[in-house]
Amino acid sequence: MLHRHGCTTVIASRKFDRLKQSADALSIATGQQCLPIQMDVRKPIEVMNTVDEAISSFKRIDILINNAAGNFLTPTSGLSFNAYKTVLDIDTVGTFNVSKVIYEKYMQNHGGVIINITATLYYRGQTLQAHAGSAKAAIDALTKHFAVEWGPNNVRVIGIAPGLVAGTGFAMAIGGVDSDAYREYVSGIPLHRESAKVDVAHAVLFCVSPAAKMITGHTLVADGGSWLTFANPVYNIISPTASNVKSKM
Ligand code: COA
C-alpha cells in the first residue's frame with residue numbers, strides 16, 4: 001500500500017530468504033524499490049546497522065512501522081519464564097529498540113511518523129494471552145511516551161490494533177476460514193466480518209498521511225468492534241486439560 005502511494009521501503013526480519021521473496025514480489029507488483037535486510041529487533045547492534053544501511057540507501061526514513069511480534073495461545077501455567085520473556089523481548093523491546101535508533105539517527109532532526117502495530121488483548125484480560133497482552137499494553141504505553149517526548153521534533157506516534165485478519169497465524173489458530181469456530185468468531189464481530197490484510201494497510205495509510213496530521217499518542221482500534229464482544233472464555237483456563245491448551249500461531 002505504501003509503495004502504491006510513492007514510498008520506497010525497507011523490510012527487516014530474521015529470515016532473509018522469506019524477506020527477499022517478499023521484497024521481490026512487492027517490487028515487481030508496484031515498481032517501487034523494496035530493500036530486504038536481515039535483522040532481529042531484539043539485537044541493538046543489528047538494528048543500528050539496518051538503520052544505517054537504510055539511510056545510506058534512501059537518504060531518509062519518514063515512516064517506521066513496528067510490526068514484529070511473536071505469539072501463541074497458552075494459559076500462564078503453560079508459559080515458561082523464557083517464553084514470557086521472549087514475547088516481551090520481540091514485541092516490546094523490539095518496538096523500543098527500533099524506534100529509539102530511528103529517532104536518534106534520523107527523525108529527531110527531520111520529523112516522521114511511527115506506527116506501532118498492537119492488539120486489544122489486555123483491554124479485557126484475554127485468556128491464554130497474558131504474555132502477548134502485557135507486551136501490547138507496554139507498547140501502547142510507549143506510543144504515548146514517545147508521542148509526548150518526540151512531538152516537539154515533529155514525530156507523530158500512533159498505535160493500530162487490528163483484530164482477526166484473514167490469512168494470519170491467529171486465523172489459523174482458531175481453526176482456519178472453513179471451520180465452524182472461525183465462522184462463529186466472525187459472527188460475533190459487530191461488523192460481521194474479519195479484516196483483510198489490506199484493511200490494516202489502509203489504517204496505516206490514513207495514520208501516516210496528512211489527513212491524520214493532528215493525531216498522535218493514540219491507539220486506533222481497527223477490528224470491526226470485535227474487542228467489545230469477542231469471547232474471553234475462562235473454561236480455557238479452568239479445564240483439567242488447560243495445560244495442554246497450547247497452539248502455534
Ligand atoms: N506455547 C508455549 N511456549 C512456547 C510456544 C507455545 N506454543 N512456542 C514457543 N514457546 C516457548 C519455547 O518453549 C521457549 O521457552 P523455553 O526455552 O522455556 O522452552 C520460548 O517460548 C522461546 O521459544 P523459541 O522458539 O526458542 O524462541 P524464538 O525467539 O525462536 O521464537 C516465537 C519465538 C514466539 C516467534 C516462536 O515461538 C514462534 O514462531 N511462534 C509462532 C509464530 C508467531 O509468533 N507469529 C506471530 C503471530 S503475532
# chains A, B, ... in the order shown; residues from 1 in each chain; ligands from 1
>>> residues_around(residues="Leu64 of chain A", least_positions_apart="3", cutoff="9 Å", atoms="only C-alpha atoms", output="PyMOL selection string")
chain A and resi 61+98-99+102+112-116
>>> residues_around(residues="Gly31 of chain A", least_positions_apart="6", cutoff="10 Å", atoms="only C-alpha atoms", output="JSON, numbers by chain")
{"A": [3, 4, 6, 8, 25]}
>>> closest_residue(among="A:Ser57, A:Asn71, A:Thr92, A:Asn49", to="ligand 1", atoms="only C-alpha atoms and all ligand atoms")
A:Asn71
>>> closest_residue(among="A:Arg60, A:Arg193, A:Arg124, A:Arg42", to="ligand 1", atoms="only C-alpha atoms and all ligand atoms")
A:Arg42
>>> residues_near_ligand(ligand="ligand 1", cutoff="7 Å", atoms="only C-alpha atoms and all ligand atoms", output="MDAnalysis selection string")
chainID A and resid 69:74 78:84 86:87 169:170 246:249
>>> decode(residues="segment 151-167 of chain A", atoms="all heavy atoms", output="PDB file, in the first residue's frame")
ATOM      1  N   GLY A 151       7.047  14.692  20.094  1.00  0.00           N
ATOM      2  CA  GLY A 151       6.151  15.616  19.389  1.00  0.00           C
ATOM      3  C   GLY A 151       6.840  16.918  19.001  1.00  0.00           C
ATOM      4  O   GLY A 151       6.699  17.394  17.861  1.00  0.00           O
ATOM      5  N   PRO A 152       7.610  17.542  19.915  1.00  0.00           N
ATOM      6  CA  PRO A 152       8.262  18.810  19.565  1.00  0.00           C
ATOM      7  C   PRO A 152       9.247  18.668  18.397  1.00  0.00           C
ATOM      8  O   PRO A 152       9.619  19.672  17.785  1.00  0.00           O
ATOM      9  CB  PRO A 152       9.000  19.185  20.866  1.00  0.00           C
ATOM     10  CG  PRO A 152       8.216  18.503  21.946  1.00  0.00           C
ATOM     11  CD  PRO A 152       7.750  17.217  21.340  1.00  0.00           C
ATOM     12  N   ASN A 153       9.665  17.465  18.106  1.00  0.00           N
ATOM     13  CA  ASN A 153      10.554  17.234  16.945  1.00  0.00           C
ATOM     14  C   ASN A 153       9.754  16.792  15.719  1.00  0.00           C
ATOM     15  O   ASN A 153      10.313  16.228  14.776  1.00  0.00           O
ATOM     16  CB  ASN A 153      11.613  16.181  17.298  1.00  0.00           C
ATOM     17  CG  ASN A 153      12.520  16.665  18.409  1.00  0.00           C
ATOM     18  OD1 ASN A 153      12.080  16.820  19.541  1.00  0.00           O
ATOM     19  ND2 ASN A 153      13.764  16.950  18.093  1.00  0.00           N
ATOM     20  N   ASN A 154       8.446  17.046  15.773  1.00  0.00           N
ATOM     21  CA  ASN A 154       7.546  16.746  14.644  1.00  0.00           C
ATOM     22  C   ASN A 154       7.482  15.258  14.314  1.00  0.00           C
ATOM     23  O   ASN A 154       7.390  14.866  13.147  1.00  0.00           O
ATOM     24  CB  ASN A 154       7.939  17.556  13.391  1.00  0.00           C
ATOM     25  CG  ASN A 154       6.797  17.597  12.381  1.00  0.00           C
ATOM     26  OD1 ASN A 154       5.628  17.479  12.760  1.00  0.00           O
ATOM     27  ND2 ASN A 154       7.136  17.723  11.106  1.00  0.00           N
ATOM     28  N   VAL A 155       7.558  14.446  15.357  1.00  0.00           N
ATOM     29  CA  VAL A 155       7.373  12.995  15.171  1.00  0.00           C
ATOM     30  C   VAL A 155       6.013  12.630  15.768  1.00  0.00           C
ATOM     31  O   VAL A 155       5.753  12.904  16.942  1.00  0.00           O
ATOM     32  CB  VAL A 155       8.493  12.196  15.878  1.00  0.00           C
ATOM     33  CG1 VAL A 155       8.226  10.696  15.774  1.00  0.00           C
ATOM     34  CG2 VAL A 155       9.854  12.539  15.264  1.00  0.00           C
ATOM     35  N   ARG A 156       5.152  12.057  14.929  1.00  0.00           N
ATOM     36  CA  ARG A 156       3.871  11.548  15.423  1.00  0.00           C
ATOM     37  C   ARG A 156       4.000  10.045  15.676  1.00  0.00           C
ATOM     38  O   ARG A 156       4.718   9.350  14.939  1.00  0.00           O
ATOM     39  CB  ARG A 156       2.758  11.789  14.396  1.00  0.00           C
ATOM     40  CG  ARG A 156       2.448  13.255  14.185  1.00  0.00           C
ATOM     41  CD  ARG A 156       1.181  13.464  13.350  1.00  0.00           C
ATOM     42  NE  ARG A 156       1.266  12.978  12.004  1.00  0.00           N
ATOM     43  CZ  ARG A 156       0.547  11.973  11.506  1.00  0.00           C
ATOM     44  NH1 ARG A 156      -0.325  11.325  12.266  1.00  0.00           N
ATOM     45  NH2 ARG A 156       0.694  11.587  10.251  1.00  0.00           N
ATOM     46  N   VAL A 157       3.327   9.571  16.725  1.00  0.00           N
ATOM     47  CA  VAL A 157       3.413   8.150  17.080  1.00  0.00           C
ATOM     48  C   VAL A 157       1.985   7.647  17.312  1.00  0.00           C
ATOM     49  O   VAL A 157       1.252   8.190  18.151  1.00  0.00           O
ATOM     50  CB  VAL A 157       4.265   7.938  18.353  1.00  0.00           C
ATOM     51  CG1 VAL A 157       4.504   6.448  18.597  1.00  0.00           C
ATOM     52  CG2 VAL A 157       5.593   8.687  18.252  1.00  0.00           C
ATOM     53  N   ILE A 158       1.599   6.617  16.556  1.00  0.00           N
ATOM     54  CA  ILE A 158       0.212   6.126  16.607  1.00  0.00           C
ATOM     55  C   ILE A 158       0.217   4.604  16.669  1.00  0.00           C
ATOM     56  O   ILE A 158       0.988   3.944  15.962  1.00  0.00           O
ATOM     57  CB  ILE A 158      -0.574   6.574  15.345  1.00  0.00           C
ATOM     58  CG1 ILE A 158      -0.544   8.095  15.211  1.00  0.00           C
ATOM     59  CG2 ILE A 158      -2.013   6.076  15.391  1.00  0.00           C
ATOM     60  CD1 ILE A 158      -1.204   8.614  13.936  1.00  0.00           C
ATOM     61  N   GLY A 159      -0.644   4.051  17.514  1.00  0.00           N
ATOM     62  CA  GLY A 159      -0.830   2.599  17.545  1.00  0.00           C
ATOM     63  C   GLY A 159      -2.014   2.209  16.668  1.00  0.00           C
ATOM     64  O   GLY A 159      -2.984   2.960  16.541  1.00  0.00           O
ATOM     65  N   ILE A 160      -1.933   1.041  16.074  1.00  0.00           N
ATOM     66  CA  ILE A 160      -3.080   0.475  15.339  1.00  0.00           C
ATOM     67  C   ILE A 160      -3.301  -0.938  15.869  1.00  0.00           C
ATOM     68  O   ILE A 160      -2.379  -1.754  15.879  1.00  0.00           O
ATOM     69  CB  ILE A 160      -2.829   0.442  13.821  1.00  0.00           C
ATOM     70  CG1 ILE A 160      -2.699   1.875  13.288  1.00  0.00           C
ATOM     71  CG2 ILE A 160      -3.963  -0.301  13.098  1.00  0.00           C
ATOM     72  CD1 ILE A 160      -2.361   1.963  11.812  1.00  0.00           C
ATOM     73  N   ALA A 161      -4.517  -1.207  16.323  1.00  0.00           N
ATOM     74  CA  ALA A 161      -4.850  -2.519  16.893  1.00  0.00           C
ATOM     75  C   ALA A 161      -5.856  -3.228  15.993  1.00  0.00           C
ATOM     76  O   ALA A 161      -7.057  -2.974  16.082  1.00  0.00           O
ATOM     77  CB  ALA A 161      -5.417  -2.343  18.300  1.00  0.00           C
ATOM     78  N   PRO A 162      -5.361  -4.102  15.107  1.00  0.00           N
ATOM     79  CA  PRO A 162      -6.300  -4.889  14.299  1.00  0.00           C
ATOM     80  C   PRO A 162      -6.902  -6.018  15.139  1.00  0.00           C
ATOM     81  O   PRO A 162      -6.381  -6.336  16.220  1.00  0.00           O
ATOM     82  CB  PRO A 162      -5.407  -5.485  13.191  1.00  0.00           C
ATOM     83  CG  PRO A 162      -4.042  -4.899  13.379  1.00  0.00           C
ATOM     84  CD  PRO A 162      -3.971  -4.412  14.793  1.00  0.00           C
ATOM     85  N   GLY A 163      -7.929  -6.643  14.633  1.00  0.00           N
ATOM     86  CA  GLY A 163      -8.474  -7.836  15.291  1.00  0.00           C
ATOM     87  C   GLY A 163      -8.135  -9.056  14.462  1.00  0.00           C
ATOM     88  O   GLY A 163      -6.983  -9.255  14.088  1.00  0.00           O
ATOM     89  N   LEU A 164      -9.162  -9.864  14.157  1.00  0.00           N
ATOM     90  CA  LEU A 164      -8.948 -11.046  13.312  1.00  0.00           C
ATOM     91  C   LEU A 164      -8.653 -10.600  11.879  1.00  0.00           C
ATOM     92  O   LEU A 164      -9.442  -9.862  11.281  1.00  0.00           O
ATOM     93  CB  LEU A 164     -10.212 -11.918  13.338  1.00  0.00           C
ATOM     94  CG  LEU A 164     -10.233 -13.113  12.383  1.00  0.00           C
ATOM     95  CD1 LEU A 164      -9.108 -14.104  12.705  1.00  0.00           C
ATOM     96  CD2 LEU A 164     -11.599 -13.805  12.450  1.00  0.00           C
ATOM     97  N   VAL A 165      -7.505 -11.036  11.373  1.00  0.00           N
ATOM     98  CA  VAL A 165      -7.125 -10.690   9.996  1.00  0.00           C
ATOM     99  C   VAL A 165      -6.997 -11.995   9.204  1.00  0.00           C
ATOM    100  O   VAL A 165      -6.253 -12.905   9.608  1.00  0.00           O
ATOM    101  CB  VAL A 165      -5.784  -9.923   9.958  1.00  0.00           C
ATOM    102  CG1 VAL A 165      -5.412  -9.572   8.515  1.00  0.00           C
ATOM    103  CG2 VAL A 165      -5.858  -8.653  10.806  1.00  0.00           C
ATOM    104  N   ALA A 166      -7.738 -12.090   8.115  1.00  0.00           N
ATOM    105  CA  ALA A 166      -7.731 -13.322   7.310  1.00  0.00           C
ATOM    106  C   ALA A 166      -6.315 -13.656   6.848  1.00  0.00           C
ATOM    107  O   ALA A 166      -5.545 -12.772   6.480  1.00  0.00           O
ATOM    108  CB  ALA A 166      -8.644 -13.139   6.105  1.00  0.00           C
ATOM    109  N   GLY A 167      -5.979 -14.937   6.899  1.00  0.00           N
ATOM    110  CA  GLY A 167      -4.695 -15.400   6.365  1.00  0.00           C
ATOM    111  C   GLY A 167      -3.533 -15.271   7.326  1.00  0.00           C
ATOM    112  O   GLY A 167      -2.382 -15.441   6.924  1.00  0.00           O
TER     113      GLY A 167
END
